[in-house]
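Chemist: Dropping in data.txt, which is compact mmCIF, C-alpha atoms:
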# COMPACT_ATOMS: atom_id res chain seq x y z
CA THR A 1 28.57 -55.29 -26.16
CA VAL A 2 26.67 -52.17 -27.05
CA THR A 3 27.37 -49.03 -25.06
CA ILE A 4 24.72 -46.37 -25.10
CA ASP A 5 25.82 -42.94 -23.99
CA VAL A 6 22.81 -40.99 -22.76
CA THR A 7 23.41 -37.26 -22.75
CA ASN A 8 21.39 -34.72 -20.85
CA ILE A 9 19.27 -32.13 -22.60
CA ALA A 10 19.35 -28.72 -20.96
CA PRO A 11 16.09 -26.86 -20.35
CA SER A 12 15.20 -24.67 -23.30
CA ASN A 13 12.75 -22.11 -24.66
CA PRO A 14 11.94 -20.33 -21.39
CA GLY A 15 8.92 -18.07 -21.68
CA ALA A 16 6.86 -15.74 -19.54
CA GLU A 17 3.60 -13.84 -19.20
CA VAL A 18 2.85 -10.80 -17.05
CA TRP A 19 -0.52 -10.47 -15.31
CA SER A 20 -2.11 -7.62 -13.37
CA GLY A 21 -4.97 -9.16 -11.44
CA ASN A 22 -7.07 -11.04 -14.00
CA THR A 23 -5.66 -9.06 -16.91
CA LYS A 24 -2.90 -10.51 -19.07
CA LEU A 25 -0.62 -7.66 -20.13
CA THR A 26 0.45 -7.33 -23.76
CA PRO A 27 3.99 -6.18 -24.54
CA ASP A 28 4.61 -3.42 -27.06
CA THR A 29 6.51 -3.85 -30.31
CA ARG A 30 9.79 -3.77 -28.36
CA GLY A 31 8.64 -6.60 -26.13
CA VAL A 32 8.29 -4.22 -23.15
CA TYR A 33 5.37 -4.51 -20.70
CA SER A 34 3.82 -1.41 -19.11
CA ALA A 35 2.36 -1.04 -15.61
CA LEU A 36 1.93 1.54 -12.86
CA GLU A 37 4.01 1.88 -9.73
CA GLY A 38 2.27 0.11 -6.88
CA ASP A 39 0.57 -2.44 -9.16
CA SER A 40 0.78 -6.02 -7.90
CA LEU A 41 2.11 -7.97 -10.88
CA GLU A 42 2.29 -11.73 -11.32
CA ILE A 43 4.97 -13.00 -13.70
CA ARG A 44 4.41 -16.58 -14.89
CA GLY A 45 7.23 -18.62 -16.37
CA TRP A 46 7.89 -21.98 -18.00
CA ALA A 47 10.48 -23.94 -19.94
CA GLU A 48 10.77 -27.08 -22.04
CA ASP A 49 12.81 -30.21 -21.22
CA SER A 50 12.72 -33.98 -21.55
CA GLU A 51 9.78 -35.81 -20.01
CA ASN A 52 11.78 -37.25 -17.13
CA ASP A 53 13.14 -33.81 -16.14
CA ILE A 54 10.15 -31.56 -16.72
CA ASP A 55 8.56 -31.91 -13.27
CA ASP A 56 11.83 -31.34 -11.41
CA LEU A 57 12.96 -28.14 -13.08
CA VAL A 58 14.17 -25.47 -10.67
CA HIS A 59 12.96 -21.97 -11.57
CA LEU A 60 14.98 -19.08 -10.16
CA TRP A 61 13.32 -15.68 -10.52
CA ALA A 62 14.90 -12.31 -9.83
CA PRO A 63 11.87 -10.01 -10.29
CA ASP A 64 13.94 -6.80 -10.07
CA ALA A 65 17.32 -8.14 -11.14
CA GLU A 66 19.00 -4.82 -11.88
CA ASP A 67 17.83 -2.66 -8.97
CA ASN A 68 17.28 -5.33 -6.28
CA PRO A 69 19.32 -8.42 -7.26
CA ASP A 70 19.08 -9.92 -3.77
CA ILE A 71 15.33 -10.46 -4.17
CA GLN A 72 15.01 -13.99 -5.59
CA HIS A 73 12.29 -16.64 -5.65
CA GLN A 74 12.79 -20.34 -6.36
CA SER A 75 10.25 -23.06 -7.16
CA VAL A 76 10.19 -26.52 -8.73
CA GLY A 77 8.12 -27.74 -11.70
CA GLN A 78 7.46 -27.04 -15.35
CA PHE A 79 5.73 -23.77 -14.50
CA SER A 80 6.40 -21.03 -11.96
CA SER A 81 5.07 -17.66 -10.90
CA VAL A 82 6.32 -14.75 -8.85
CA GLU A 83 4.46 -11.70 -7.54
CA HIS A 84 6.15 -8.34 -7.22
CA ILE A 85 5.28 -4.67 -6.68
CA TYR A 86 7.54 -2.08 -8.29
CA THR A 87 7.74 1.13 -6.26
CA THR A 88 10.03 3.17 -8.53
CA VAL A 89 9.39 4.38 -12.08
CA GLY A 90 11.40 3.40 -15.14
CA LEU A 91 12.50 0.15 -16.74
CA HIS A 92 12.76 -2.91 -14.51
CA LEU A 93 14.24 -6.28 -15.49
CA ALA A 94 12.81 -9.57 -14.26
CA THR A 95 15.01 -12.60 -15.04
CA LEU A 96 14.33 -16.33 -15.04
CA VAL A 97 16.86 -19.19 -15.16
CA VAL A 98 15.60 -22.78 -15.29
CA THR A 99 17.89 -25.62 -14.17
CA ASP A 100 17.36 -29.40 -14.41
CA ASP A 101 18.45 -32.11 -11.92
CA ASP A 102 21.73 -32.57 -13.81
CA GLY A 103 22.70 -28.95 -13.22
CA GLU A 104 22.13 -27.86 -16.82
CA SER A 105 20.50 -24.46 -17.15
CA SER A 106 18.51 -22.63 -19.78
CA GLU A 107 19.58 -19.31 -21.16
CA THR A 108 18.51 -16.38 -19.00
CA LEU A 109 15.07 -15.06 -19.88
CA THR A 110 14.72 -11.31 -19.34
CA VAL A 111 11.30 -9.69 -18.99
CA VAL A 112 11.33 -5.90 -19.35
CA ILE A 113 8.65 -3.92 -17.49
CA ASP A 114 8.25 -0.15 -17.80
CA ILE A 115 6.75 1.31 -14.63
CA ALA A 116 4.97 4.68 -14.86
CA ASN A 117 4.41 7.10 -12.00
CA VAL A 118 1.06 7.57 -10.28
CA ALA A 119 0.40 11.22 -9.47
CA PRO A 120 -0.70 12.13 -5.93
CA THR A 121 -4.24 13.23 -5.18
CA ILE A 122 -5.76 15.32 -2.39
CA ASP A 123 -9.14 14.72 -0.81
CA PRO A 124 -11.37 17.83 -1.00
CA ILE A 125 -10.46 20.08 1.93
CA SER A 126 -13.42 21.42 3.88
CA ASN A 127 -13.64 25.20 3.99
CA PRO A 128 -12.82 26.41 7.52
CA LEU A 129 -15.61 27.98 9.55
CA PRO A 130 -15.50 31.77 9.96
CA VAL A 131 -13.33 32.83 12.90
CA ALA A 132 -12.75 36.14 14.66
CA GLU A 133 -9.45 37.98 14.63
CA GLY A 134 -6.91 36.17 16.81
CA ASP A 135 -8.88 32.92 16.91
CA GLU A 136 -7.09 29.72 15.99
CA ILE A 137 -7.84 28.04 12.68
CA THR A 138 -6.99 24.42 11.81
CA ILE A 139 -6.82 23.02 8.28
CA THR A 140 -6.02 19.37 7.61
CA ALA A 141 -5.35 17.75 4.23
CA THR A 142 -5.44 14.08 3.28
CA VAL A 143 -3.05 12.95 0.55
CA TRP A 144 -3.21 9.73 -1.47
CA ASP A 145 -0.48 8.06 -3.49
CA THR A 146 1.15 4.67 -3.89
CA LEU A 147 2.61 3.11 -0.73
CA GLY A 148 6.12 3.55 -2.07
CA ASP A 149 5.61 7.31 -2.45
CA LEU A 150 3.48 8.22 0.57
CA GLU A 151 6.33 8.13 3.07
CA ASN A 152 8.41 10.48 0.90
CA MET A 153 5.79 13.08 0.01
CA GLN A 154 6.63 16.78 0.33
CA ASN A 155 3.50 18.34 1.87
CA CYS A 156 3.28 22.11 2.30
CA PHE A 157 0.97 25.05 2.92
CA ASP A 158 1.59 28.29 1.04
CA LEU A 159 0.15 31.02 3.28
CA ASP A 160 0.58 33.84 0.76
CA PRO A 161 -0.22 32.55 -2.75
CA GLU A 162 0.25 36.04 -4.22
CA THR A 163 3.94 36.22 -3.26
CA ASN A 164 6.79 33.99 -4.41
CA SER A 165 8.55 34.10 -1.04
CA ASP A 166 11.24 31.54 -1.82
CA GLY A 167 12.08 32.90 -5.27
CA GLU A 168 11.60 29.47 -6.86
CA GLY A 169 8.81 28.10 -9.06
CA GLY A 170 5.58 30.05 -8.88
CA ALA A 171 3.92 32.20 -6.26
CA ASP A 172 1.57 29.41 -5.15
CA ASP A 173 4.11 26.66 -4.42
CA ASP A 174 6.04 28.07 -1.46
CA CYS A 175 6.51 25.87 1.59
CA ASP A 176 5.60 28.20 4.47
CA VAL A 177 4.38 25.35 6.68
CA GLU A 178 5.42 21.73 6.18
CA GLY A 179 3.03 18.84 6.81
CA THR A 180 -0.64 18.09 6.21
CA THR A 181 -2.01 20.17 9.09
CA PHE A 182 -1.91 23.93 9.48
CA VAL A 183 -2.75 25.60 12.78
CA GLY A 184 -2.53 29.38 12.87
CA THR A 185 -4.10 32.74 13.63
CA TRP A 186 -4.38 36.16 12.03
CA HIS A 187 -4.64 38.96 14.55
CA ASP A 188 -5.69 41.51 11.94
CA ALA A 189 -8.33 40.63 9.36
CA ARG A 190 -6.62 42.95 6.89
CA SER A 191 -3.46 40.82 6.99
CA ALA A 192 -5.29 37.54 6.40
CA PRO A 193 -5.08 36.18 2.84
CA ASP A 194 -8.19 35.46 0.80
CA SER A 195 -7.01 31.86 0.52
CA ILE A 196 -4.07 29.58 1.18
CA ILE A 197 -2.73 26.74 -0.95
CA PHE A 198 -1.99 23.19 0.17
CA HIS A 199 0.27 21.35 -2.26
CA THR A 200 2.01 18.00 -2.32
CA MET A 201 4.75 16.49 -4.50
CA ASP A 202 5.99 12.92 -4.84
CA ASP A 203 9.59 11.80 -5.40
CA ASP A 204 9.06 11.88 -9.17
CA GLY A 205 8.10 15.57 -9.18
CA GLU A 206 4.35 15.04 -9.73
CA ARG A 207 2.30 17.68 -7.89
CA ALA A 208 -1.25 18.23 -6.74
CA SER A 209 -2.69 21.27 -4.99
CA ASP A 210 -5.91 22.59 -3.47
CA GLU A 211 -6.94 26.15 -2.68
CA VAL A 212 -8.59 26.75 0.69
CA PRO A 213 -10.55 30.03 1.13
CA ILE A 214 -9.99 31.94 4.36
CA VAL A 215 -13.27 33.57 5.42
In structure tokens, what does this structure look like?

Modeler:
Amino acid sequence: TVTIDVTNIAPSNPGAEVWSGNTKLTPDTRGVYSALEGDSLEIRGWAEDSENDIDDLVHLWAPDAEDNPDIQHQSVGQFSSVEHIYTTVGLHLATLVVTDDDGESSETLTVVIDIANVAPTIDPISNPLPVAEGDEITITATVWDTLGDLENMQNCFDLDPETNSDGEGGADDDCDVEGTTFVGTWHDARSAPDSIIFHTMDDDGERASDEVPIV
């Protein structure tokens, strides 16, 4: 009688690629990928195993394992992919563990992605029409940034760019009126400024500003 003991081979050599749209990203010399906040990234993974196990491998992705460990995606096969949008700057870790139908797992593959901030922008603000003393003037600004930043933007009008009224930063970054719309009047033309400043700042400290002349 010949007894043959067949042992399982665990999945091995997990690998990954990172894609942004149709562009395959190339890691730097440290093995770190670079992308911008708000980019939709696709991370593709695979592993090796015996022929009878290869099509039943379970891929478990945690695309933001350190900051959001509860976000996980699972699929079955030799290959897998997961899409993710990173909304905060800095290093993010995506991990992949591949398990066969005998419960044997590969080592954890860690993909490091460095996310850079996208600075806000302001659409050109139309110069207000001339108004008489005491008449109401309305100025509206439109701000653009990534979805993750837009809801946390600090939007302000500085009504006296020549004076540092809050004693912080410069003279043209005071927050006299919060929001993207200013409605106001000047009852004496001599008290009206030559211009006002609209400025915006995201949660990473990136700023943009636009000067609006007051005729």

Chemist: Can you tell me which residues surround Gly184 of chain A at a distance of at most 8 Å, considering all atoms listed in the file, apart from same-chain residues fewer than 5 positions away, and format the answer as JSON, numbers by chain?

Modeler: {"A": [136, 137, 138]}

Chemist: Work out how far apart atom CA of Leu147 of chain A and atom CA of Ile43 of chain A are and give it in Å to one decimal.

Modeler: 20.8 Å

Chemist: Could you write out as AutoDock Vina command-line options the box around segment 22-26 of chain A (axis-aligned, all atoms listed in the file, 8 Å on each side), with centre and edge lengths in Å to one decimal?

Modeler:
--center_x -3.3 --center_y -9.2 --center_z -18.9 --size_x 23.5 --size_y 19.7 --size_z 25.8

Chemist: For Asp145 of chain A, which residue among A:Val76, A:Ile9, A:Ala35, A:Val118 is the nearest when counting all atoms listed in the file?

Modeler: A:Val118

Chemist: Can you pull out every residue within 12 Å of Ser50 of chain A, counting only C-alpha atoms, but drop anything in the same chain fewer than 6 positions away, and send it as a ChimeraX atom specification?

Modeler: /A:7-12,56-57,78,100-102

Chemist: Pull C-alpha atoms from the residues just selected and write them as a PDB file, in the coordinates of the input.

Modeler:
ATOM      1  CA  THR A   7      23.410 -37.260 -22.750  1.00  0.00           C
ATOM      2  CA  ASN A   8      21.390 -34.720 -20.850  1.00  0.00           C
ATOM      3  CA  ILE A   9      19.270 -32.130 -22.600  1.00  0.00           C
ATOM      4  CA  ALA A  10      19.350 -28.720 -20.960  1.00  0.00           C
ATOM      5  CA  PRO A  11      16.090 -26.860 -20.350  1.00  0.00           C
ATOM      6  CA  SER A  12      15.200 -24.670 -23.300  1.00  0.00           C
ATOM      7  CA  ASP A  56      11.830 -31.340 -11.410  1.00  0.00           C
ATOM      8  CA  LEU A  57      12.960 -28.140 -13.080  1.00  0.00           C
ATOM      9  CA  GLN A  78       7.460 -27.040 -15.350  1.00  0.00           C
ATOM     10  CA  ASP A 100      17.360 -29.400 -14.410  1.00  0.00           C
ATOM     11  CA  ASP A 101      18.450 -32.110 -11.920  1.00  0.00           C
ATOM     12  CA  ASP A 102      21.730 -32.570 -13.810  1.00  0.00           C
TER      13      ASP A 102
END

Chemist: Name the residues, using the chain letters and numbers of the file, that sit within 12 Å of (-15.6, 20.7, 5.1) when counting all atoms listed in the file, and give them as a list in words.

Modeler: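 Result, sorted by chain then residue number: Asp123, Pro124, Ile125, Ser126, Asn127, Pro128, Leu129, Thr138, Ile139, Thr140, Ala141, Val212 and Pro213 of chain A.
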
Chemist: For a quick check of understanding, using all atoms listed in the file, which of A:Ile113, A:Ala94, A:Asn155, A:Asp49 has the smallest distance to Ala65 of chain A?

Modeler: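 Checking each candidate against Ala65 of chain A, we get A:Ala94 as the closest.
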